[in-house]
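**Q** Below is the file protein_5.cif, with mmCIF, C-alpha atoms and all ligand atoms.
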```cif
data_final
#
loop_
_atom_site.group_PDB
_atom_site.id
_atom_site.type_symbol
_atom_site.label_atom_id
_atom_site.label_comp_id
_atom_site.auth_asym_id
_atom_site.auth_seq_id
_atom_site.Cartn_x
_atom_site.Cartn_y
_atom_site.Cartn_z
ATOM 1 C CA MET A 1 31.234 106.391 107.445
ATOM 2 C CA PHE A 2 29.355 109.647 107.367
ATOM 3 C CA PHE A 3 32.297 111.297 105.703
ATOM 4 C CA ASN A 4 32.415 108.640 103.000
ATOM 5 C CA LYS A 5 28.728 109.086 102.346
ATOM 6 C CA PHE A 6 29.253 112.827 102.229
ATOM 7 C CA LYS A 7 32.063 112.342 99.711
ATOM 8 C CA SER A 8 29.943 110.227 97.413
ATOM 9 C CA VAL A 9 27.116 112.761 97.546
ATOM 10 C CA LEU A 10 29.677 115.382 96.599
ATOM 11 C CA ALA A 11 30.931 113.248 93.745
ATOM 12 C CA ILE A 12 27.431 112.723 92.413
ATOM 13 C CA THR A 13 26.598 116.386 92.753
ATOM 14 C CA SER A 14 29.776 117.547 91.048
ATOM 15 C CA GLY A 15 29.223 114.919 88.373
ATOM 16 C CA LEU A 16 25.798 116.374 87.711
ATOM 17 C CA MET A 17 27.264 119.820 87.647
ATOM 18 C CA ILE A 18 29.793 118.789 85.031
ATOM 19 C CA LEU A 19 27.017 117.296 82.948
ATOM 20 C CA THR A 20 25.032 120.483 83.280
ATOM 21 C CA TRP A 21 27.841 122.872 82.624
ATOM 22 C CA SER A 22 29.822 121.152 79.900
ATOM 23 C CA PRO A 23 27.706 119.550 77.219
ATOM 24 C CA GLU A 24 30.786 118.051 75.503
ATOM 25 C CA VAL A 25 30.954 115.422 78.249
ATOM 26 C CA LEU A 26 27.848 113.943 76.676
ATOM 27 C CA SER A 27 29.120 114.109 73.105
ATOM 28 C CA LYS A 28 29.833 110.794 71.473
ATOM 29 C CA GLU A 29 33.043 111.876 69.783
ATOM 30 C CA LEU A 30 35.004 108.904 68.449
ATOM 31 C CA ASN A 31 38.200 108.005 70.283
ATOM 32 C CA ILE A 32 40.725 106.819 67.749
ATOM 33 C CA ILE A 33 44.219 105.566 68.557
ATOM 34 C CA ALA A 34 46.788 105.480 65.769
ATOM 35 C CA THR A 35 50.175 103.809 66.129
ATOM 36 C CA ASN A 36 52.480 105.809 63.854
ATOM 37 C CA PHE A 37 52.405 108.963 61.801
ATOM 38 C CA PRO A 38 50.899 107.512 58.567
ATOM 39 C CA GLN A 39 47.965 106.128 60.556
ATOM 40 C CA TYR A 40 47.537 109.333 62.581
ATOM 41 C CA ASP A 41 47.764 111.534 59.519
ATOM 42 C CA PHE A 42 45.145 109.596 57.535
ATOM 43 C CA VAL A 43 42.672 109.449 60.430
ATOM 44 C CA LYS A 44 43.182 113.119 61.250
ATOM 45 C CA ASN A 45 42.657 114.255 57.681
ATOM 46 C CA ILE A 46 39.368 112.326 57.472
ATOM 47 C CA THR A 47 37.961 113.218 60.914
ATOM 48 C CA LYS A 48 39.470 116.725 61.431
ATOM 49 C CA ASP A 49 37.949 118.054 64.674
ATOM 50 C CA LYS A 50 35.110 115.513 64.865
ATOM 51 C CA ALA A 51 37.161 112.812 66.635
ATOM 52 C CA ASN A 52 39.716 112.477 69.414
ATOM 53 C CA VAL A 53 42.769 111.178 67.607
ATOM 54 C CA SER A 54 45.999 110.275 69.341
ATOM 55 C CA MET A 55 49.255 108.772 68.180
ATOM 56 C CA LEU A 56 51.196 106.243 70.273
ATOM 57 C CA LEU A 57 54.602 107.006 68.750
ATOM 58 C CA LYS A 58 56.074 110.243 70.085
ATOM 59 C CA ILE A 59 56.352 113.021 67.520
ATOM 60 C CA GLY A 60 59.933 113.116 66.223
ATOM 61 C CA ALA A 61 60.835 109.663 67.615
ATOM 62 C CA GLU A 62 62.363 106.878 65.570
ATOM 63 C CA ALA A 63 59.462 104.665 64.509
ATOM 64 C CA HIS A 64 61.173 101.276 64.750
ATOM 65 C CA SER A 65 62.217 101.520 68.394
ATOM 66 C CA TYR A 66 58.699 102.093 69.761
ATOM 67 C CA GLU A 67 57.539 99.893 72.651
ATOM 68 C CA PRO A 68 53.989 100.221 74.059
ATOM 69 C CA THR A 69 53.584 101.303 77.691
ATOM 70 C CA PRO A 70 50.814 99.866 79.909
ATOM 71 C CA LYS A 71 49.085 103.235 79.526
ATOM 72 C CA ASP A 72 49.131 102.840 75.744
ATOM 73 C CA LEU A 73 47.519 99.402 76.003
ATOM 74 C CA ILE A 74 44.742 100.765 78.234
ATOM 75 C CA ALA A 75 44.135 103.585 75.771
ATOM 76 C CA ILE A 76 43.802 101.031 72.958
ATOM 77 C CA GLU A 77 41.357 98.952 75.017
ATOM 78 C CA LYS A 78 39.198 102.022 75.587
ATOM 79 C CA SER A 79 39.307 103.233 71.990
ATOM 80 C CA ASP A 80 36.459 103.122 69.478
ATOM 81 C CA LEU A 81 38.919 102.369 66.709
ATOM 82 C CA PHE A 82 42.553 101.257 66.743
ATOM 83 C CA VAL A 83 44.437 102.016 63.538
ATOM 84 C CA PHE A 84 47.818 100.367 62.989
ATOM 85 C CA ASN A 85 50.072 99.337 60.158
ATOM 86 C CA GLY A 86 50.764 95.619 60.645
ATOM 87 C CA GLY A 87 53.990 93.766 59.882
ATOM 88 C CA GLU A 88 57.362 93.142 61.468
ATOM 89 C CA ASN A 89 57.433 96.379 63.417
ATOM 90 C CA ASP A 90 53.912 95.867 64.800
ATOM 91 C CA GLU A 91 54.473 92.355 66.093
ATOM 92 C CA TRP A 92 53.414 93.337 69.617
ATOM 93 C CA ILE A 93 49.996 94.245 68.225
ATOM 94 C CA GLU A 94 49.382 90.741 66.918
ATOM 95 C CA ASN A 95 50.056 89.346 70.391
ATOM 96 C CA PHE A 96 47.917 92.015 72.045
ATOM 97 C CA LEU A 97 45.016 91.448 69.669
ATOM 98 C CA LYS A 98 44.904 87.719 70.359
ATOM 99 C CA ASP A 99 43.110 88.588 73.620
ATOM 100 C CA HIS A 100 41.276 91.700 72.491
ATOM 101 C CA LEU A 101 40.225 91.258 68.895
ATOM 102 C CA ASP A 102 36.589 90.436 69.655
ATOM 103 C CA LYS A 103 36.243 93.609 71.742
ATOM 104 C CA LEU A 104 38.054 96.040 69.481
ATOM 105 C CA ASN A 105 37.457 97.759 66.173
ATOM 106 C CA THR A 106 40.706 97.673 64.259
ATOM 107 C CA PHE A 107 42.012 98.851 60.923
ATOM 108 C CA ALA A 108 45.385 97.689 59.558
ATOM 109 C CA PHE A 109 46.984 99.388 56.545
ATOM 110 C CA THR A 110 48.661 96.149 55.426
ATOM 111 C CA LYS A 111 45.288 94.351 55.239
ATOM 112 C CA GLU A 112 43.955 96.761 52.621
ATOM 113 C CA VAL A 113 46.442 96.478 49.749
ATOM 114 C CA ALA A 114 48.400 93.796 47.912
ATOM 115 C CA LEU A 115 51.603 93.062 49.826
ATOM 116 C CA ARG A 116 55.072 92.736 48.368
ATOM 117 C CA ASP A 117 57.794 90.452 49.692
ATOM 118 C CA GLU A 118 60.784 92.101 51.318
ATOM 119 C CA GLU A 119 63.711 92.329 48.934
ATOM 120 C CA GLU A 120 67.425 92.132 49.397
ATOM 121 C CA VAL A 121 69.083 93.706 46.370
ATOM 122 C CA GLU A 122 72.720 93.365 45.393
ATOM 123 C CA GLY A 123 75.117 95.204 47.695
ATOM 124 C CA MET A 124 72.770 95.498 50.666
ATOM 125 C CA GLN A 125 74.112 94.926 54.146
ATOM 126 C CA PRO A 126 72.908 91.407 55.079
ATOM 127 C CA GLU A 127 70.508 91.133 58.036
ATOM 128 C CA ASP A 128 71.673 89.749 61.357
ATOM 129 C CA GLU A 129 69.846 86.378 61.343
ATOM 130 C CA GLU A 130 69.318 86.248 65.104
ATOM 131 C CA GLU A 131 67.582 89.583 65.187
ATOM 132 C CA HIS A 132 65.348 88.423 62.394
ATOM 133 C CA GLU A 133 63.841 85.549 64.352
ATOM 134 C CA HIS A 134 60.411 86.153 65.763
ATOM 135 C CA GLU A 135 58.888 85.112 69.057
ATOM 136 C CA ASP A 136 56.216 82.972 67.481
ATOM 137 C CA GLY A 137 58.679 81.470 65.019
ATOM 138 C CA GLU A 138 56.761 83.020 62.161
ATOM 139 C CA GLU A 139 58.590 85.000 59.513
ATOM 140 C CA HIS A 140 57.024 88.190 58.222
ATOM 141 C CA GLU A 141 58.536 88.264 54.839
ATOM 142 C CA PHE A 142 56.394 91.008 53.422
ATOM 143 C CA ASP A 143 57.510 94.609 53.378
ATOM 144 C CA GLU A 144 55.240 96.689 55.580
ATOM 145 C CA HIS A 145 55.797 100.182 54.151
ATOM 146 C CA VAL A 146 52.631 100.140 52.060
ATOM 147 C CA TRP A 147 51.895 103.873 52.570
ATOM 148 C CA THR A 148 54.975 104.980 50.629
ATOM 149 C CA SER A 149 53.129 104.577 47.320
ATOM 150 C CA PRO A 150 50.450 107.207 46.626
ATOM 151 C CA LYS A 151 48.520 104.545 44.691
ATOM 152 C CA ASN A 152 48.158 102.536 47.907
ATOM 153 C CA ASP A 153 47.298 105.668 49.876
ATOM 154 C CA VAL A 154 44.254 106.276 47.696
ATOM 155 C CA VAL A 155 42.987 102.739 48.421
ATOM 156 C CA ILE A 156 43.769 102.901 52.158
ATOM 157 C CA LEU A 157 42.121 106.318 52.630
ATOM 158 C CA ASN A 158 38.938 105.100 50.927
ATOM 159 C CA LYS A 159 38.707 102.010 53.111
ATOM 160 C CA LEU A 160 39.632 103.892 56.300
ATOM 161 C CA CYS A 161 36.908 106.440 55.600
ATOM 162 C CA GLN A 162 34.360 103.621 55.250
ATOM 163 C CA ALA A 163 35.495 102.140 58.583
ATOM 164 C CA ILE A 164 35.097 105.510 60.330
ATOM 165 C CA VAL A 165 31.692 106.180 58.745
ATOM 166 C CA LYS A 166 30.482 102.792 60.000
ATOM 167 C CA LEU A 167 31.267 103.882 63.569
ATOM 168 C CA ASP A 168 29.856 107.388 63.226
ATOM 169 C CA PRO A 169 27.281 107.418 60.415
ATOM 170 C CA GLU A 170 25.901 110.778 61.563
ATOM 171 C CA ASN A 171 28.979 112.529 60.174
ATOM 172 C CA LYS A 172 29.169 110.488 56.964
ATOM 173 C CA ASP A 173 29.072 113.460 54.576
ATOM 174 C CA PHE A 174 31.722 115.343 56.534
ATOM 175 C CA TYR A 175 34.141 112.379 56.600
ATOM 176 C CA GLU A 176 33.573 111.519 52.946
ATOM 177 C CA LYS A 177 34.160 115.088 51.821
ATOM 178 C CA ASN A 178 37.416 115.279 53.806
ATOM 179 C CA ALA A 179 38.570 111.904 52.522
ATOM 180 C CA ALA A 180 37.846 112.889 48.919
ATOM 181 C CA GLU A 181 39.837 116.105 49.343
ATOM 182 C CA TYR A 182 42.800 114.302 50.858
ATOM 183 C CA ILE A 183 42.658 111.500 48.282
ATOM 184 C CA SER A 184 42.873 114.115 45.543
ATOM 185 C CA ARG A 185 46.258 115.177 46.971
ATOM 186 C CA PHE A 186 47.581 111.626 46.536
ATOM 187 C CA ASN A 187 46.111 111.364 43.043
ATOM 188 C CA GLY A 188 47.945 114.613 42.280
ATOM 189 C CA LEU A 189 51.194 113.187 43.677
ATOM 190 C CA ASP A 190 50.714 110.020 41.635
ATOM 191 C CA LYS A 191 50.463 112.129 38.490
ATOM 192 C CA LYS A 192 53.495 114.281 39.352
ATOM 193 C CA TYR A 193 55.670 111.303 40.306
ATOM 194 C CA SER A 194 54.710 109.583 37.029
ATOM 195 C CA GLU A 195 55.560 112.686 34.986
ATOM 196 C CA ILE A 196 59.016 113.071 36.540
ATOM 197 C CA ILE A 197 59.823 109.374 36.236
ATOM 198 C CA SER A 198 58.582 108.873 32.675
ATOM 199 C CA GLY A 199 60.788 111.733 31.464
ATOM 200 C CA ALA A 200 63.940 110.472 33.189
ATOM 201 C CA LYS A 201 66.814 108.604 31.534
ATOM 202 C CA ASN A 202 68.366 107.308 34.726
ATOM 203 C CA LYS A 203 65.721 105.427 36.717
ATOM 204 C CA THR A 204 67.893 104.197 39.571
ATOM 205 C CA LEU A 205 67.884 105.658 43.089
ATOM 206 C CA ILE A 206 70.799 105.235 45.480
ATOM 207 C CA PHE A 207 70.123 105.278 49.222
ATOM 208 C CA GLY A 208 72.927 105.470 51.789
ATOM 209 C CA ASP A 209 70.325 104.462 54.351
ATOM 210 C CA ARG A 210 67.439 102.075 55.025
ATOM 211 C CA PHE A 211 65.168 101.564 52.066
ATOM 212 C CA PRO A 212 61.472 101.594 53.004
ATOM 213 C CA LEU A 213 60.308 102.550 49.494
ATOM 214 C CA LEU A 214 59.734 99.180 47.870
ATOM 215 C CA TYR A 215 56.044 99.905 47.103
ATOM 216 C CA PHE A 216 56.938 103.293 45.695
ATOM 217 C CA VAL A 217 59.690 102.105 43.332
ATOM 218 C CA LYS A 218 57.740 99.051 42.149
ATOM 219 C CA ASP A 219 54.622 101.096 41.408
ATOM 220 C CA TYR A 220 56.597 103.630 39.352
ATOM 221 C CA GLY A 221 59.102 101.381 37.595
ATOM 222 C CA LEU A 222 62.239 102.567 39.387
ATOM 223 C CA ASN A 223 65.361 100.602 40.365
ATOM 224 C CA TYR A 224 67.336 101.106 43.550
ATOM 225 C CA TYR A 225 70.430 100.262 45.525
ATOM 226 C CA ALA A 226 70.563 100.823 49.269
ATOM 227 C CA ALA A 227 72.660 100.192 52.365
ATOM 228 C CA PHE A 228 69.900 98.394 54.295
ATOM 229 C CA LYS A 229 66.446 96.881 53.835
ATOM 230 C CA GLY A 230 63.297 98.799 54.856
ATOM 231 C CA CYS A 231 63.031 98.231 58.593
ATOM 232 C CA SER A 232 66.481 96.803 59.145
ATOM 233 C CA ASN A 233 67.880 96.956 62.673
ATOM 234 C CA GLU A 234 71.367 97.237 61.252
ATOM 235 C CA THR A 235 73.135 100.535 61.621
ATOM 236 C CA GLU A 236 76.703 99.411 60.985
ATOM 237 C CA VAL A 237 77.665 99.333 57.376
ATOM 238 C CA SER A 238 80.590 97.308 56.034
ATOM 239 C CA ALA A 239 83.329 98.678 53.811
ATOM 240 C CA SER A 240 82.159 96.388 51.012
ATOM 241 C CA THR A 241 78.600 97.811 51.101
ATOM 242 C CA ILE A 242 79.983 101.356 50.944
ATOM 243 C CA LYS A 243 82.307 100.406 48.095
ATOM 244 C CA PHE A 244 79.471 98.754 46.156
ATOM 245 C CA LEU A 245 77.284 101.859 46.470
ATOM 246 C CA ILE A 246 80.149 104.190 45.497
ATOM 247 C CA ASP A 247 80.859 102.076 42.400
ATOM 248 C CA LYS A 248 77.166 102.079 41.428
ATOM 249 C CA ALA A 249 76.863 105.834 41.949
ATOM 250 C CA GLU A 250 79.954 106.372 39.813
ATOM 251 C CA GLN A 251 78.792 104.031 37.071
ATOM 252 C CA LEU A 252 75.287 105.589 36.948
ATOM 253 C CA LYS A 253 76.659 109.131 37.394
ATOM 254 C CA SER A 254 74.091 109.612 40.173
ATOM 255 C CA PRO A 255 73.797 113.311 41.031
ATOM 256 C CA VAL A 256 71.982 112.599 44.318
ATOM 257 C CA ILE A 257 72.558 110.127 47.141
ATOM 258 C CA PHE A 258 69.526 109.801 49.391
ATOM 259 C CA LYS A 259 69.013 109.532 53.113
ATOM 260 C CA ILE A 260 65.612 109.243 54.788
ATOM 261 C CA GLU A 261 63.976 111.519 57.356
ATOM 262 C CA LEU A 262 65.065 111.444 61.026
ATOM 263 C CA SER A 263 68.179 109.487 60.112
ATOM 264 C CA SER A 264 71.904 110.213 60.077
ATOM 265 C CA ASP A 265 73.520 111.222 56.800
ATOM 266 C CA ASN A 266 76.855 109.508 57.585
ATOM 267 C CA ILE A 267 76.645 106.808 54.930
ATOM 268 C CA ALA A 268 75.004 108.980 52.271
ATOM 269 C CA SER A 269 77.650 111.713 52.792
ATOM 270 C CA THR A 270 80.531 109.263 52.499
ATOM 271 C CA ILE A 271 79.190 108.020 49.156
ATOM 272 C CA ALA A 272 78.232 111.492 47.914
ATOM 273 C CA GLU A 273 81.640 113.012 48.766
ATOM 274 C CA SER A 274 83.548 110.326 46.976
ATOM 275 C CA VAL A 275 81.537 110.668 43.733
ATOM 276 C CA GLY A 276 80.835 114.422 43.827
ATOM 277 C CA ALA A 277 77.078 114.014 44.325
ATOM 278 C CA LYS A 278 74.868 115.767 46.836
ATOM 279 C CA VAL A 279 72.907 114.297 49.733
ATOM 280 C CA MET A 280 69.160 114.840 49.698
ATOM 281 C CA THR A 281 66.399 113.597 51.999
ATOM 282 C CA PHE A 282 63.602 111.415 50.704
ATOM 283 C CA ASN A 283 60.738 111.589 53.139
ATOM 284 C CA THR A 284 59.172 108.182 53.716
ATOM 285 C CA GLY A 285 56.596 109.414 56.236
ATOM 286 C CA HIS A 286 57.562 107.151 59.149
ATOM 287 C CA ASN A 287 57.263 110.066 61.536
ATOM 288 C CA ILE A 288 57.224 113.848 61.558
ATOM 289 C CA THR A 289 59.465 116.316 63.399
ATOM 290 C CA VAL A 290 58.101 118.489 66.200
ATOM 291 C CA GLU A 291 58.483 121.587 63.988
ATOM 292 C CA GLU A 292 56.642 119.949 61.084
ATOM 293 C CA PHE A 293 53.888 118.810 63.431
ATOM 294 C CA LYS A 294 53.461 122.335 64.819
ATOM 295 C CA ALA A 295 53.255 123.633 61.264
ATOM 296 C CA LYS A 296 50.439 121.089 60.671
ATOM 297 C CA ARG A 297 52.275 119.421 57.822
ATOM 298 C CA THR A 298 50.569 116.380 56.363
ATOM 299 C CA MET A 299 51.904 113.225 54.765
ATOM 300 C CA ALA A 300 50.849 114.625 51.388
ATOM 301 C CA ASP A 301 52.939 117.754 52.138
ATOM 302 C CA LEU A 302 55.960 115.617 53.041
ATOM 303 C CA PHE A 303 55.603 113.524 49.881
ATOM 304 C CA ASN A 304 55.289 116.711 47.883
ATOM 305 C CA ASP A 305 58.718 117.758 49.217
ATOM 306 C CA ASN A 306 60.144 114.650 47.539
ATOM 307 C CA LEU A 307 59.316 115.916 44.052
ATOM 308 C CA PRO A 308 62.329 118.258 43.584
ATOM 309 C CA ALA A 309 64.655 115.655 45.148
ATOM 310 C CA LEU A 310 63.362 112.961 42.826
ATOM 311 C CA LYS A 311 63.708 115.282 39.849
ATOM 312 C CA ALA A 312 67.315 116.102 40.786
ATOM 313 C CA ALA A 313 68.176 112.419 41.235
ATOM 314 C CA LEU A 314 66.616 111.150 38.019
ATOM 315 C CA ASN A 315 67.937 113.756 35.599
HETATM 316 ZN ZN ZN B 1 59.932 101.119 58.629
#
```
Spit out the file's structure as structure tokens when you get a sec.
**A**
Amino acid sequence: MFFNKFKSVLAITSGLMILTWSPEVLSKELNIIATNFPQYDFVKNITKDKANVSMLLKIGAEAHSYEPTPKDLIAIEKSDLFVFNGGENDEWIENFLKDHLDKLNTFAFTKEVALRDEEEVEGMQPEDEEEHEHEDGEEHEFDEHVWTSPKNDVVILNKLCQAIVKLDPENKDFYEKNAAEYISRFNGLDKKYSEIISGAKNKTLIFGDRFPLLYFVKDYGLNYYAAFKGCSNETEVSASTIKFLIDKAEQLKSPVIFKIELSSDNIASTIAESVGAKVMTFNTGHNITVEEFKAKRTMADLFNDNLPALKAALN
């Protein structure tokens, strides 16, 4: 009994000491949880060092296989703002939010821009129907990769900045200045992408991979052929899909066959070898490698890397 009392006195005393010795304990820094890299990157570039920002997906991990741990869910419950994408891959969030929405501040990328329906173009590996069924029987037919178009990024960054300012109005000028700077990078990318594409004769991209770039190609008037849809679970490709893509690449004289980041180049290489093209990576920003993260590379940096690849492909 006495010992317990002694312990609580100690706890109170040491608590006071912490308060006295480290003023940051009292600071009201925003705690923001982001699901994937696009969400983390946008929040981080607006808040810089003025918020605690964490990402649920592990750096370098494949974005579509993420499952939340109980620890993740507790972190979300405790957060000041939860930033996620929304869509097929974030289905768990919809279920989670049913019980928490009234207590949480949330921001979803897919709520901020006009959505496009998922597309299955000629030659694509058909989806396994069973895997496509959802728990609640609802079909998410829209494509969720809204961040892949710089035009959308400008809109999302503006709205995200407003959401953050609402929670921390004291730092309004700081957040707005950072957002404006980062938005200017995406406006710059928009201009560069447009320049490359308007000067190109061949406007068709060939992907020996998943194709999460629907918003990008639609916004810039490009055509595409690909092995799989955006967030497809399929990894096995049939001989007929490969043959279709080889024929297209041959017919269009495609100099480049694309793969996406953090993905195998097996399919792209098979196509490229048979038509004498080269394999290049188109970064879709799903996640970042550990090395890129250490080098503090941003989504705008990754998209900037796509410029020479796009130029080579569209010549
Ligand atoms: Zn995806």
**Q** My list of candidates is A:Arg185, A:His286, A:Lys253, A:Lys191. Which is closest to ligand ZN 1 (chain B) when distances are computed with all atoms listed in the file?
**A**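 Among A:Arg185, A:His286, A:Lys253, A:Lys191, it is A:His286 that comes nearest to ligand ZN 1 (chain B).
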**Q** Taking only C-alpha atoms into account, name the residue in A:Phe142, A:Phe244, A:Tyr182, A:Phe107 that is nearest to Val154 of chain A.
**A**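 Looking at the shortest contact to Val154 of chain A, the residue is A:Tyr182.
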**Q** Could you list, as an mmCIF file with C-alpha atoms, in the frame of the given file, every residue matched by the PyMOL selection byres (((not hetatm)) within 12 of (chain B and resi 1)) in this structure?
**A**
```cif
data_model
loop_
_atom_site.group_PDB
_atom_site.id
_atom_site.type_symbol
_atom_site.label_atom_id
_atom_site.label_comp_id
_atom_site.auth_asym_id
_atom_site.auth_seq_id
_atom_site.Cartn_x
_atom_site.Cartn_y
_atom_site.Cartn_z
ATOM 1 C CA ASN A 36 52.480 105.809 63.854
ATOM 2 C CA PHE A 37 52.405 108.963 61.801
ATOM 3 C CA PRO A 38 50.899 107.512 58.567
ATOM 4 C CA GLU A 62 62.363 106.878 65.570
ATOM 5 C CA ALA A 63 59.462 104.665 64.509
ATOM 6 C CA HIS A 64 61.173 101.276 64.750
ATOM 7 C CA SER A 65 62.217 101.520 68.394
ATOM 8 C CA TYR A 66 58.699 102.093 69.761
ATOM 9 C CA ASN A 85 50.072 99.337 60.158
ATOM 10 C CA GLY A 86 50.764 95.619 60.645
ATOM 11 C CA GLY A 87 53.990 93.766 59.882
ATOM 12 C CA GLU A 88 57.362 93.142 61.468
ATOM 13 C CA ASN A 89 57.433 96.379 63.417
ATOM 14 C CA ASP A 90 53.912 95.867 64.800
ATOM 15 C CA GLU A 118 60.784 92.101 51.318
ATOM 16 C CA PHE A 142 56.394 91.008 53.422
ATOM 17 C CA ASP A 143 57.510 94.609 53.378
ATOM 18 C CA GLU A 144 55.240 96.689 55.580
ATOM 19 C CA HIS A 145 55.797 100.182 54.151
ATOM 20 C CA VAL A 146 52.631 100.140 52.060
ATOM 21 C CA TRP A 147 51.895 103.873 52.570
ATOM 22 C CA THR A 148 54.975 104.980 50.629
ATOM 23 C CA ASP A 209 70.325 104.462 54.351
ATOM 24 C CA ARG A 210 67.439 102.075 55.025
ATOM 25 C CA PHE A 211 65.168 101.564 52.066
ATOM 26 C CA PRO A 212 61.472 101.594 53.004
ATOM 27 C CA LEU A 213 60.308 102.550 49.494
ATOM 28 C CA LEU A 214 59.734 99.180 47.870
ATOM 29 C CA PHE A 228 69.900 98.394 54.295
ATOM 30 C CA LYS A 229 66.446 96.881 53.835
ATOM 31 C CA GLY A 230 63.297 98.799 54.856
ATOM 32 C CA CYS A 231 63.031 98.231 58.593
ATOM 33 C CA SER A 232 66.481 96.803 59.145
ATOM 34 C CA ASN A 233 67.880 96.956 62.673
ATOM 35 C CA ILE A 260 65.612 109.243 54.788
ATOM 36 C CA GLU A 261 63.976 111.519 57.356
ATOM 37 C CA LEU A 262 65.065 111.444 61.026
ATOM 38 C CA SER A 263 68.179 109.487 60.112
ATOM 39 C CA ASN A 283 60.738 111.589 53.139
ATOM 40 C CA THR A 284 59.172 108.182 53.716
ATOM 41 C CA GLY A 285 56.596 109.414 56.236
ATOM 42 C CA HIS A 286 57.562 107.151 59.149
ATOM 43 C CA ASN A 287 57.263 110.066 61.536
#
```
**Q** Hey, can you check how far atom CA of Ile206 of chain A sits from atom CA of Gln39 of chain A?
**A**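 Calculated distance between atom CA of Ile206 of chain A and atom CA of Gln39 of chain A is 27.4 Å.
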**Q** Could you list, as number ranges by chain, every residue within 10 Å of Val43 of chain A, counting only C-alpha atoms and ignoring same-chain residues fewer than 4 positions away?
**A** A: 32-34, 37-39, 47-48, 51-54, 83, 157, 160-161, 164, 175, 179
**Q** Check what the PyMOL selection byres (((chain A and resi 201) around 7) and not hetatm) selects in the file above and give those residues as a count of residues only.
**A** 6
**Q** A:Tyr225, A:Leu167, A:Leu302, A:Ser269: which is nearest Leu252 of chain A, counting all atoms listed in the file?
**A**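 Selected residue with least distance to Leu252 of chain A: A:Tyr225.
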**Q** Separation of atom CA of Ala108 of chain A and atom CA of Phe82 of chain A, in Å?
**A**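 Atom CA of Phe82 of chain A lies at a distance of 8.5 Å from atom CA of Ala108 of chain A.
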**Q** Using only C-alpha atoms, determine which residues lie at most 8 Å from segment 222-224 of chain A, disregarding the query and same-chain residues fewer than 5 positions distant; provide the list as a compact mmCIF listing (two decimals) with C-alpha atoms, in the frame of the given file.
**A**
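Saved file around.txt follows:
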```
# COMPACT_ATOMS: atom_id res chain seq x y z
CA ILE A 197 59.82 109.37 36.24
CA LYS A 203 65.72 105.43 36.72
CA THR A 204 67.89 104.20 39.57
CA LEU A 205 67.88 105.66 43.09
CA ILE A 206 70.80 105.24 45.48
CA PHE A 207 70.12 105.28 49.22
CA VAL A 217 59.69 102.10 43.33
```
**Q** Need the shell around Asp168 of chain A: protein/DNA/RNA residues with any atom at most 12 Å away, counting all atoms listed in the file. Skip same-chain ones fewer than 5 positions apart. Format as a list in words?
**A** Ser27, Lys28, Glu29, Leu30, Asn31, Ile32, Thr47, Lys50, Ala51, Asp80, Leu81, Cys161, Gln162, Ala163, Asp173, Phe174, Tyr175 and Glu176 of chain A
**Q** Excluding same-chain residues fewer than 3 positions from Leu56 of chain A, what lies within 10 Å of it counting only C-alpha atoms, as a list of chain:residue names?
**A** A:Ile33, A:Ala34, A:Thr35, A:Asn36, A:Phe37, A:Tyr40, A:Ile59, A:Tyr66, A:Glu67, A:Pro68, A:Thr69, A:Lys71, A:Asp72, A:Leu73, A:Ala75, A:Ile76, A:Phe84
**Q** Just give me the gap between atom CA of Lys44 of chain A and atom CA of Asn306 of chain A in Å, one decimal is fine.
**A**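 That distance, rounded to one decimal, is 21.9 Å.
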**Q** Take the PyMOL selection byres (((chain A and resi 309) around 12) and not hetatm), run it mentally on this structure, and tell me the resulting residues as a PDB file with C-alpha atoms, in the coordinates of the input.
**A**
```pdb
ATOM      1  CA  TYR A 193      55.670 111.303  40.306  1.00  0.00           C
ATOM      2  CA  ILE A 196      59.016 113.071  36.540  1.00  0.00           C
ATOM      3  CA  ILE A 197      59.823 109.374  36.236  1.00  0.00           C
ATOM      4  CA  LEU A 205      67.884 105.658  43.089  1.00  0.00           C
ATOM      5  CA  PRO A 255      73.797 113.311  41.031  1.00  0.00           C
ATOM      6  CA  VAL A 256      71.982 112.599  44.318  1.00  0.00           C
ATOM      7  CA  ILE A 257      72.558 110.127  47.141  1.00  0.00           C
ATOM      8  CA  PHE A 258      69.526 109.801  49.391  1.00  0.00           C
ATOM      9  CA  LYS A 259      69.013 109.532  53.113  1.00  0.00           C
ATOM     10  CA  ILE A 260      65.612 109.243  54.788  1.00  0.00           C
ATOM     11  CA  LYS A 278      74.868 115.767  46.836  1.00  0.00           C
ATOM     12  CA  VAL A 279      72.907 114.297  49.733  1.00  0.00           C
ATOM     13  CA  MET A 280      69.160 114.840  49.698  1.00  0.00           C
ATOM     14  CA  THR A 281      66.399 113.597  51.999  1.00  0.00           C
ATOM     15  CA  PHE A 282      63.602 111.415  50.704  1.00  0.00           C
ATOM     16  CA  ASN A 283      60.738 111.589  53.139  1.00  0.00           C
ATOM     17  CA  LEU A 302      55.960 115.617  53.041  1.00  0.00           C
ATOM     18  CA  PHE A 303      55.603 113.524  49.881  1.00  0.00           C
ATOM     19  CA  ASN A 304      55.289 116.711  47.883  1.00  0.00           C
ATOM     20  CA  ASP A 305      58.718 117.758  49.217  1.00  0.00           C
ATOM     21  CA  ASN A 306      60.144 114.650  47.539  1.00  0.00           C
ATOM     22  CA  LEU A 307      59.316 115.916  44.052  1.00  0.00           C
ATOM     23  CA  PRO A 308      62.329 118.258  43.584  1.00  0.00           C
ATOM     24  CA  LEU A 310      63.362 112.961  42.826  1.00  0.00           C
ATOM     25  CA  LYS A 311      63.708 115.282  39.849  1.00  0.00           C
ATOM     26  CA  ALA A 312      67.315 116.102  40.786  1.00  0.00           C
ATOM     27  CA  ALA A 313      68.176 112.419  41.235  1.00  0.00           C
ATOM     28  CA  LEU A 314      66.616 111.150  38.019  1.00  0.00           C
ATOM     29  CA  ASN A 315      67.937 113.756  35.599  1.00  0.00           C
TER      30      ASN A 315
END
```
